[in-house]
file final.csv (CSV, C-alpha atoms and all ligand atoms)
chain,number,residue,atom,x,y,z
A,1,MET,CA,79.4,123.7,87.3
A,2,VAL,CA,82.2,122.8,89.8
A,3,GLU,CA,85.6,122.8,88.2
A,4,LEU,CA,87.1,119.4,87.9
A,5,ALA,CA,90.4,118.5,89.6
A,6,PRO,CA,93.1,117.8,87.0
A,7,HIS,CA,93.2,114.1,87.9
A,8,ALA,CA,89.4,113.8,87.5
A,9,VAL,CA,88.0,112.0,84.4
A,10,SER,CA,86.9,114.5,81.8
A,11,ALA,CA,85.7,114.6,78.2
A,12,ALA,CA,89.3,115.7,77.4
A,13,ASN,CA,91.1,112.7,78.9
A,14,SER,CA,88.3,110.1,78.2
A,15,ARG,CA,89.3,107.1,76.1
A,16,GLY,CA,85.9,107.5,74.4
A,17,ARG,CA,83.4,104.9,73.1
A,18,ARG,CA,84.0,101.7,71.2
A,19,HIS,CA,81.7,102.9,68.4
A,20,PRO,CA,82.4,106.6,67.8
A,21,GLU,CA,79.4,108.9,68.0
A,22,PRO,CA,78.7,112.6,67.5
A,23,GLN,CA,79.0,114.6,70.7
A,24,PRO,CA,75.8,115.1,72.7
A,25,ALA,CA,74.2,118.5,72.2
A,26,ALA,CA,73.1,119.3,75.7
A,27,ARG,CA,74.8,116.9,78.0
A,28,SER,CA,78.2,115.6,78.9
A,29,GLU,CA,79.4,112.3,77.6
A,30,PHE,CA,79.0,110.9,81.1
A,31,GLN,CA,75.5,112.3,81.5
A,32,ARG,CA,74.7,110.4,78.3
A,33,ASP,CA,76.0,107.2,79.8
A,34,ARG,CA,73.9,107.7,82.9
A,35,ASP,CA,70.8,108.4,80.8
A,36,ARG,CA,71.4,105.3,78.7
A,37,VAL,CA,71.7,103.2,81.8
A,38,VAL,CA,68.5,104.6,83.3
A,39,HIS,CA,66.6,103.8,80.1
A,40,SER,CA,67.9,100.3,79.8
A,41,THR,CA,65.8,97.1,80.4
A,42,ALA,CA,68.4,95.7,82.8
A,43,PHE,CA,68.0,98.8,85.0
A,44,ARG,CA,64.3,98.3,85.3
A,45,ARG,CA,64.8,94.7,86.2
A,46,LEU,CA,66.7,95.8,89.3
A,47,GLU,CA,63.4,96.7,90.9
A,48,TYR,CA,62.6,93.1,91.3
A,49,LYS,CA,66.0,91.8,92.2
A,50,THR,CA,67.3,91.6,95.8
A,51,GLN,CA,70.5,91.2,97.7
A,52,VAL,CA,69.5,89.7,101.1
A,53,PHE,CA,65.8,89.5,101.3
A,54,VAL,CA,63.8,88.0,98.4
A,55,ASN,CA,61.5,90.4,96.6
A,56,HIS,CA,58.2,89.1,97.9
A,57,GLU,CA,59.3,89.1,101.5
A,58,GLY,CA,58.2,92.7,102.1
A,59,ASP,CA,57.5,96.0,100.3
A,60,LEU,CA,59.9,98.1,102.4
A,61,PHE,CA,63.1,96.2,102.0
A,62,ARG,CA,65.8,97.5,99.6
A,63,THR,CA,65.8,96.1,96.1
A,64,ARG,CA,68.8,96.4,93.8
A,65,LEU,CA,67.1,99.4,92.2
A,66,THR,CA,66.8,101.4,95.5
A,67,HIS,CA,70.3,100.2,96.5
A,68,SER,CA,71.7,101.5,93.2
A,69,ILE,CA,70.0,104.9,93.7
A,70,GLU,CA,71.4,105.1,97.3
A,71,VAL,CA,74.9,104.2,96.0
A,72,ALA,CA,74.6,106.8,93.3
A,73,GLN,CA,73.6,109.4,95.9
A,74,ILE,CA,76.7,108.6,98.1
A,75,ALA,CA,79.0,108.4,95.1
A,76,ARG,CA,77.9,111.8,93.8
A,77,THR,CA,78.5,113.4,97.2
A,78,LEU,CA,82.0,111.8,97.3
A,79,ALA,CA,82.8,112.9,93.8
A,80,ARG,CA,81.6,116.4,94.2
A,81,ALA,CA,83.4,116.9,97.5
A,82,LEU,CA,86.7,115.8,95.8
A,83,SER,CA,86.1,117.8,92.6
A,84,LEU,CA,85.8,114.6,90.6
A,85,ASN,CA,83.4,113.8,87.8
A,86,GLU,CA,80.0,113.5,89.4
A,87,ASP,CA,78.2,112.4,86.3
A,88,LEU,CA,80.7,109.6,85.8
A,89,ALA,CA,80.3,108.5,89.4
A,90,GLU,CA,76.6,108.4,89.0
A,91,ALA,CA,76.7,106.5,85.8
A,92,ILE,CA,79.0,103.8,87.4
A,93,ALA,CA,76.9,103.6,90.5
A,94,LEU,CA,73.6,103.2,88.7
A,95,SER,CA,75.1,100.4,86.5
A,96,HIS,CA,77.3,98.6,89.0
A,97,ASP,CA,74.7,95.8,89.8
A,98,LEU,CA,73.1,95.4,86.3
A,99,GLY,CA,74.6,91.9,85.8
A,100,HIS,CA,73.4,90.4,89.1
A,101,THR,CA,71.4,87.2,89.0
A,102,PRO,CA,68.1,86.8,90.9
A,103,PHE,CA,68.5,86.1,94.6
A,104,GLY,CA,71.7,88.0,95.2
A,105,HIS,CA,75.0,86.1,95.9
A,106,ALA,CA,73.3,82.7,96.4
A,107,GLY,CA,72.0,83.0,92.8
A,108,GLN,CA,75.4,84.1,91.5
A,109,ASP,CA,77.2,81.2,93.3
A,110,ALA,CA,74.7,78.7,91.9
A,111,LEU,CA,75.0,80.0,88.4
A,112,ASN,CA,78.8,80.0,88.6
A,113,ALA,CA,78.7,76.4,89.7
A,114,CYS,CA,76.4,75.5,86.8
A,115,MET,CA,78.9,77.3,84.4
A,116,ARG,CA,82.0,75.6,85.9
A,117,ASP,CA,82.9,73.7,82.8
A,118,HIS,CA,81.7,76.5,80.4
A,119,GLY,CA,83.8,79.5,81.4
A,120,GLY,CA,82.2,80.3,84.8
A,121,PHE,CA,79.9,83.2,85.7
A,122,GLU,CA,81.0,86.4,87.4
A,123,HIS,CA,78.5,89.1,88.1
A,124,ASN,CA,80.9,92.0,87.4
A,125,LEU,CA,81.7,90.6,84.0
A,126,GLN,CA,77.9,90.0,83.4
A,127,SER,CA,77.3,93.7,84.2
A,128,LEU,CA,79.8,94.6,81.5
A,129,ARG,CA,78.3,92.0,79.1
A,130,THR,CA,74.9,93.6,79.7
A,131,VAL,CA,76.0,97.1,78.8
A,132,ASP,CA,78.4,95.9,76.0
A,133,GLN,CA,76.3,93.2,74.3
A,134,LEU,CA,73.0,92.2,75.7
A,135,GLU,CA,70.9,95.4,75.7
A,136,GLU,CA,69.2,95.8,72.3
A,137,ARG,CA,68.4,99.5,71.9
A,138,TYR,CA,70.4,100.9,69.0
A,139,GLY,CA,70.5,100.3,65.3
A,140,ALA,CA,74.2,100.8,64.9
A,141,PHE,CA,75.6,98.6,67.7
A,142,ASP,CA,74.8,96.0,70.4
A,143,GLY,CA,74.7,97.2,74.0
A,144,LEU,CA,74.7,100.8,75.2
A,145,ASN,CA,78.1,101.8,73.8
A,146,LEU,CA,79.2,103.5,77.1
A,147,THR,CA,82.4,105.4,77.5
A,148,TYR,CA,85.6,103.5,78.5
A,149,GLU,CA,85.6,105.1,81.9
A,150,THR,CA,82.1,103.9,82.8
A,151,ARG,CA,82.8,100.4,81.6
A,152,GLU,CA,86.1,100.4,83.6
A,153,GLY,CA,84.1,101.4,86.7
A,154,ILE,CA,81.5,98.6,86.1
A,155,LEU,CA,84.3,96.0,85.9
A,156,LYS,CA,85.2,96.2,89.6
A,157,HIS,CA,86.8,92.8,89.8
A,158,CYS,CA,87.8,90.3,87.2
A,159,SER,CA,89.6,87.0,87.6
A,160,PRO,CA,93.1,86.9,86.1
A,161,LYS,CA,91.9,84.0,83.9
A,162,LYS,CA,89.3,86.2,82.2
A,163,ALA,CA,91.3,89.5,82.1
A,164,PRO,CA,93.2,88.8,78.9
A,165,GLU,CA,89.9,88.3,76.9
A,166,LEU,CA,88.9,91.9,77.8
A,167,GLY,CA,91.6,93.7,75.9
A,168,GLU,CA,92.4,97.2,77.2
A,169,LEU,CA,89.8,97.0,79.9
A,170,GLY,CA,91.2,93.8,81.4
A,171,ARG,CA,94.8,95.0,81.4
A,172,ARG,CA,94.7,96.6,84.9
A,173,PHE,CA,94.0,93.2,86.4
A,174,ILE,CA,97.1,91.8,84.9
A,175,GLU,CA,99.3,94.9,85.4
A,176,GLY,CA,98.0,95.8,88.9
A,177,THR,CA,97.1,99.4,88.0
A,178,GLN,CA,94.0,101.2,89.3
A,179,PRO,CA,90.8,102.5,87.7
A,180,SER,CA,89.8,106.2,88.0
A,181,LEU,CA,89.1,107.7,91.4
A,182,GLU,CA,85.5,107.9,90.5
A,183,ALA,CA,85.4,104.1,90.0
A,184,GLN,CA,87.4,103.5,93.2
A,185,LEU,CA,85.0,105.7,95.2
A,186,CYS,CA,81.9,104.0,93.7
A,187,ASN,CA,83.2,100.7,95.0
A,188,LEU,CA,83.4,102.1,98.6
A,189,ALA,CA,80.0,103.9,98.2
A,190,ASP,CA,78.5,100.5,97.4
A,191,GLU,CA,79.9,99.1,100.7
A,192,ILE,CA,78.7,102.1,102.7
A,193,GLY,CA,75.3,101.7,101.0
A,194,TYR,CA,74.7,98.0,101.6
A,195,ASN,CA,76.2,97.8,105.1
A,196,ASN,CA,74.0,100.5,106.4
A,197,HIS,CA,70.8,99.5,104.6
A,198,ASP,CA,71.3,95.9,105.7
A,199,VAL,CA,71.4,97.1,109.3
A,200,ASP,CA,68.1,99.0,108.6
A,201,ASP,CA,66.5,96.1,106.7
A,202,GLY,CA,67.8,93.6,109.2
A,203,LEU,CA,66.2,95.4,112.1
A,204,ARG,CA,63.0,95.9,110.1
A,205,SER,CA,62.8,92.2,109.4
A,206,GLY,CA,63.4,91.3,113.1
A,207,LEU,CA,66.3,89.0,112.2
A,208,ILE,CA,68.6,91.2,114.2
A,209,ASN,CA,67.8,93.5,117.1
A,210,LEU,CA,69.1,96.6,118.8
A,211,GLU,CA,70.6,94.7,121.7
A,212,GLN,CA,72.8,92.7,119.4
A,213,LEU,CA,74.0,95.9,117.7
A,214,GLU,CA,75.4,97.1,121.0
A,215,GLU,CA,78.5,95.0,120.2
A,216,VAL,CA,79.2,97.1,117.1
A,217,GLY,CA,81.3,100.2,117.9
A,218,ILE,CA,80.1,102.4,115.0
A,219,TRP,CA,76.5,101.7,115.9
A,220,THR,CA,76.8,102.4,119.7
A,221,CYS,CA,78.7,105.7,119.3
A,222,HIS,CA,76.2,107.1,116.9
A,223,ALA,CA,73.1,105.7,118.7
A,224,ALA,CA,74.5,107.4,121.9
A,225,GLU,CA,74.9,110.6,120.1
A,226,ALA,CA,71.3,110.5,118.8
A,227,ARG,CA,70.0,109.7,122.3
A,228,SER,CA,71.9,112.5,123.9
A,229,GLU,CA,70.5,115.0,121.3
A,230,PHE,CA,67.0,113.6,121.5
A,231,PRO,CA,66.6,111.9,125.0
A,232,GLN,CA,63.1,110.6,124.3
A,233,ILE,CA,64.0,109.0,121.0
A,234,GLY,CA,63.3,105.3,120.3
A,235,GLY,CA,62.0,102.9,117.7
A,236,ARG,CA,62.3,103.7,114.0
A,237,ARG,CA,63.4,107.2,114.6
A,238,LEU,CA,66.4,106.1,116.7
A,239,ILE,CA,67.4,103.6,114.0
A,240,HIS,CA,67.2,106.2,111.2
A,241,GLU,CA,69.0,108.9,113.2
A,242,THR,CA,71.8,106.3,113.9
A,243,VAL,CA,72.0,105.0,110.4
A,244,ARG,CA,72.2,108.4,108.8
A,245,ARG,CA,74.9,109.4,111.2
A,246,MET,CA,76.9,106.2,110.3
A,247,ILE,CA,76.6,106.9,106.6
A,248,ASN,CA,77.6,110.5,107.0
A,249,SER,CA,80.6,109.6,109.2
A,250,LEU,CA,81.8,107.0,106.7
A,251,ALA,CA,81.4,109.4,103.8
A,252,VAL,CA,83.2,112.3,105.5
A,253,ASP,CA,86.0,110.0,106.6
A,254,LEU,CA,86.4,108.6,103.1
A,255,ILE,CA,86.5,112.1,101.6
A,256,GLU,CA,89.1,113.3,104.1
A,257,GLU,CA,91.4,110.3,103.9
A,258,THR,CA,91.2,110.1,100.1
A,259,GLY,CA,92.0,113.8,99.8
A,260,ARG,CA,95.1,113.2,102.1
A,261,ASN,CA,96.1,110.2,99.9
A,262,ILE,CA,95.8,112.3,96.7
A,263,ALA,CA,98.0,115.0,98.2
A,264,ALA,CA,100.6,112.7,99.7
A,265,ALA,CA,101.0,110.7,96.5
A,266,GLY,CA,101.5,114.0,94.5
A,267,ILE,CA,98.8,113.1,92.1
A,268,ARG,CA,98.4,115.5,89.2
A,269,THR,CA,96.9,113.7,86.3
A,270,LEU,CA,94.5,110.8,85.6
A,271,ASP,CA,97.5,108.7,84.6
A,272,ASP,CA,99.0,109.3,88.0
A,273,VAL,CA,95.8,108.0,89.6
A,274,ARG,CA,96.0,104.8,87.5
A,275,GLU,CA,99.7,104.2,88.3
A,276,ALA,CA,99.5,104.9,92.1
A,277,ALA,CA,98.4,102.5,94.8
A,278,PRO,CA,94.6,102.7,95.5
A,279,LEU,CA,93.9,106.2,96.7
A,280,ALA,CA,90.2,106.0,97.8
A,281,ALA,CA,90.2,104.6,101.3
A,282,PHE,CA,88.9,105.0,104.8
A,283,SER,CA,91.2,106.1,107.6
A,284,GLN,CA,92.7,103.2,109.5
A,285,ALA,CA,90.4,103.7,112.5
A,286,MET,CA,87.2,104.0,110.3
A,287,HIS,CA,88.3,101.0,108.3
A,288,ALA,CA,88.4,98.9,111.5
A,289,GLU,CA,84.9,100.1,112.5
A,290,HIS,CA,83.5,99.4,109.1
A,291,LYS,CA,85.1,95.9,109.1
A,292,ALA,CA,83.5,95.2,112.5
A,293,LEU,CA,80.1,96.2,111.1
A,294,LYS,CA,80.5,93.9,108.1
A,295,HIS,CA,81.6,91.0,110.4
A,296,PHE,CA,78.5,91.6,112.5
A,297,LEU,CA,76.2,91.4,109.5
A,298,ARG,CA,77.9,88.3,108.1
A,299,ILE,CA,77.4,86.4,111.4
A,300,ASN,CA,74.1,87.7,112.5
A,301,LEU,CA,72.2,88.5,109.3
A,302,TYR,CA,73.6,86.8,106.2
A,303,GLN,CA,74.1,83.5,108.1
A,304,HIS,CA,70.8,83.7,110.0
A,305,TYR,CA,68.9,80.4,109.5
A,306,GLN,CA,65.9,82.1,107.9
A,307,VAL,CA,68.2,83.8,105.4
A,308,LEU,CA,70.0,80.5,104.8
A,309,ARG,CA,66.7,78.7,104.1
A,310,MET,CA,65.9,81.3,101.4
A,311,THR,CA,69.3,81.3,99.8
A,312,ASN,CA,69.3,77.5,99.8
A,313,LYS,CA,66.0,77.5,98.0
A,314,ALA,CA,67.3,80.1,95.6
A,315,ARG,CA,70.3,78.0,94.8
A,316,ARG,CA,68.1,75.1,93.9
A,317,ILE,CA,65.8,77.2,91.7
A,318,ILE,CA,68.8,78.5,89.7
A,319,SER,CA,70.4,75.1,89.2
A,320,ASP,CA,67.1,73.5,88.3
A,321,LEU,CA,66.4,76.1,85.7
A,322,PHE,CA,69.9,75.9,84.2
A,323,GLY,CA,69.7,72.1,84.2
A,324,ALA,CA,66.3,72.0,82.5
A,325,PHE,CA,67.4,74.3,79.7
A,326,MET,CA,70.7,72.5,79.2
A,327,GLU,CA,68.8,69.3,78.8
A,328,ASP,CA,66.4,70.7,76.3
A,329,PRO,CA,67.1,74.2,74.9
A,330,ARG,CA,63.8,74.1,73.0
A,331,LEU,CA,62.3,75.2,76.4
A,332,LEU,CA,64.0,78.6,76.0
A,333,PRO,CA,62.2,81.6,74.6
A,334,PRO,CA,62.9,81.9,70.8
A,335,GLN,CA,65.4,84.7,71.2
A,336,TYR,CA,67.6,82.7,73.6
A,337,GLN,CA,67.2,79.5,71.4
A,338,GLN,CA,68.7,81.5,68.7
A,339,MET,CA,71.6,82.6,70.9
A,340,ALA,CA,72.0,79.0,72.2
A,341,ARG,CA,73.0,77.9,68.6
A,342,ASN,CA,76.3,79.6,69.1
A,343,ASP,CA,77.0,78.9,72.8
A,344,LYS,CA,74.3,77.0,74.6
A,345,PRO,CA,75.6,77.4,78.2
A,346,ARG,CA,76.3,81.1,77.9
A,347,ALA,CA,72.9,81.8,76.3
A,348,ILE,CA,71.2,80.0,79.2
A,349,ALA,CA,73.4,81.8,81.7
A,350,ASP,CA,72.3,85.1,80.1
A,351,TYR,CA,68.7,84.2,80.3
A,352,VAL,CA,68.8,83.0,83.9
A,353,ALA,CA,71.0,85.9,85.0
A,354,GLY,CA,68.5,88.4,83.5
A,355,MET,CA,65.6,87.0,85.5
A,356,THR,CA,64.1,88.9,88.4
A,357,ASP,CA,63.5,87.0,91.7
A,358,ARG,CA,59.8,86.6,91.0
A,359,TYR,CA,60.3,85.7,87.3
A,360,ALA,CA,62.7,82.9,88.3
A,361,ILE,CA,60.2,81.6,90.9
A,362,ARG,CA,57.4,81.7,88.3
A,363,GLU,CA,59.6,80.1,85.6
A,364,HIS,CA,60.6,77.3,88.0
A,365,ARG,CA,56.9,76.7,88.8
A,366,ARG,CA,56.1,76.6,85.1
A,367,LEU,CA,58.8,74.1,84.4
A,368,PHE,CA,58.6,71.9,87.4
A,369,ALA,CA,55.2,72.1,89.1
A,370,VAL,CA,52.7,69.6,87.9
A,371,GLY,CA,49.4,71.3,87.0
A,372,GLU,CA,51.1,74.6,86.1
A,373,ILE,CA,51.4,76.0,82.6
B,1,MG,MG,76.0,96.9,94.9
call {"tool": "encode", "arguments": {"input": "final.csv", "output": "structure tokens", "more": "lines below"}}
Ligand code: MG
result
Amino acid sequence: MVELAPHAVSAANSRGRRHPEPQPAARSEFQRDRDRVVHSTAFRRLEYKTQVFVNHEGDLFRTRLTHSIEVAQIARTLARALSLNEDLAEAIALSHDLGHTPFGHAGQDALNACMRDHGGFEHNLQSLRTVDQLEERYGAFDGLNLTYETREGILKHCSPKKAPELGELGRRFIEGTQPSLEAQLCNLADEIGYNNHDVDDGLRSGLINLEQLEEVGIWTCHAAEARSEFPQIGGRRLIHETVRRMINSLAVDLIEETGRNIAAAGIRTLDDVREAAPLAAFSQAMHAEHKALKHFLRINLYQHYQVLRMTNKARRIISDLFGAFMEDPRLLPPQYQQMARNDKPRAIADYVAGMTDRYAIREHRRLFAVGEI
């Protein structure tokens, strides 16, 4: 096993679990977290949830499950290269999207609008709620009872309004301190993952094309490199040779710049990491390249009229479902009716957020289509 840097998260400096448990016999505490996430129901649902393309649009597009696996792969590379806790990075990466609604950001915006007068809906908070409360797998506690450090990494953002309700975990959003380096890197691994696979999926779908990508610096330089190494290359192979070079250059740059930041700030302990300014970062030049790629995707893919048609429909499905259950909670499955006795809107939000894309579409049909049961 690689020796951990003194500022890495370790069993020795971990703040532990909310419900104390005996140490695992053959695994680290963070491997145990990773394993609990992989065995959870919410994790399996990721297979049928999407970010940009809706699940039934094609079999080859990324789902949140394959996205999470790609992010975990990048995060582990980053963590290992910097002598950080690879198991923790993997646990955070695999759980970072657990609280997402069906239909990606359109679904989350719609559910947040529905919950406006009932405390709102934030997907990061919902991921935490999933692992802390909603999973029903253990006799002794609700949720998965993950370590503080995995939970801290899952809670990437949190509004200042919500932070005080979260106790120790919310404190950093009030005090402006940072999470572990493992958590900071997972956040950027997520961005590397989705920007690059959205290029790949975008091209596959035909919504963007190679000519348009010529305006993106990071694409053109790596495509030129691939062409000079393989002059005959074209089609899917050119796309994959270019995308893999982009991912690699972003990851290597991130490792180098983060290493420099750690050294320059004189970081020695995990507490130093928490007190310092954010340490995980791209170099300035790479940051600009990455931003240009994001901008390209926003204009050309996320705002493409065919994507907007789908997201618009998604928004309507989510608000219809929420409205129908609010009006008559007896339409909810019994388990959620039970939960609705304490807090009706939150129970409905939990039910709707847990749906996969196809389940939400089916449920909408069951509730609204005449002739369906
Ligand atoms: Mg993600």
call {"tool": "residues_around", "arguments": {"input": "final.csv", "residues": "Ala276 (chain A)", "least_positions_apart": "3", "cutoff": "8 Å", "atoms": "only C-alpha atoms", "output": "number ranges by chain"}}
result
A: 177-178, 265, 272-273, 279
call {"tool": "residues_near_ligand", "arguments": {"input": "final.csv", "ligand": "ligand MG 1 (chain B)", "cutoff": "8 Å", "atoms": "all atoms listed in the file", "output": "MDAnalysis selection string"}}
result
chainID A and resid 64 67:68 71 96:97 190:191 193:194
call {"tool": "closest_residue", "arguments": {"input": "final.csv", "among": "A:Gly266, A:Pro231, A:His304, A:Arg129", "to": "Gly206 (chain A)", "atoms": "all atoms listed in the file"}}
result
A:His304
call {"tool": "residues_around", "arguments": {"input": "final.csv", "residues": "Thr356 (chain A)", "least_positions_apart": "6", "cutoff": "7 Å", "atoms": "only C-alpha atoms", "output": "list in words"}}
result
Arg45, Tyr48, Lys49 and Pro102 of chain A
call {"tool": "residues_around", "arguments": {"input": "final.csv", "residues": "Tyr302 (chain A)", "least_positions_apart": "3", "cutoff": "12 Å", "atoms": "only C-alpha atoms", "output": "PyMOL selection string"}}
result
chain A and resi 51-53+104-106+195+198-199+201-202+207-208+294-299+305-311
call {"tool": "atom_distance", "arguments": {"input": "final.csv", "atom1": "CA of Arg36 (chain A)", "atom2": "CA of Arg80 (chain A)"}}
result
21.6 Å
call {"tool": "residues_around", "arguments": {"input": "final.csv", "residues": "region 125-128 of chain A", "least_positions_apart": "5", "cutoff": "8 Å", "atoms": "all atoms listed in the file", "output": "ChimeraX atom specification"}}
result
/A:95-100,151,154-155,158
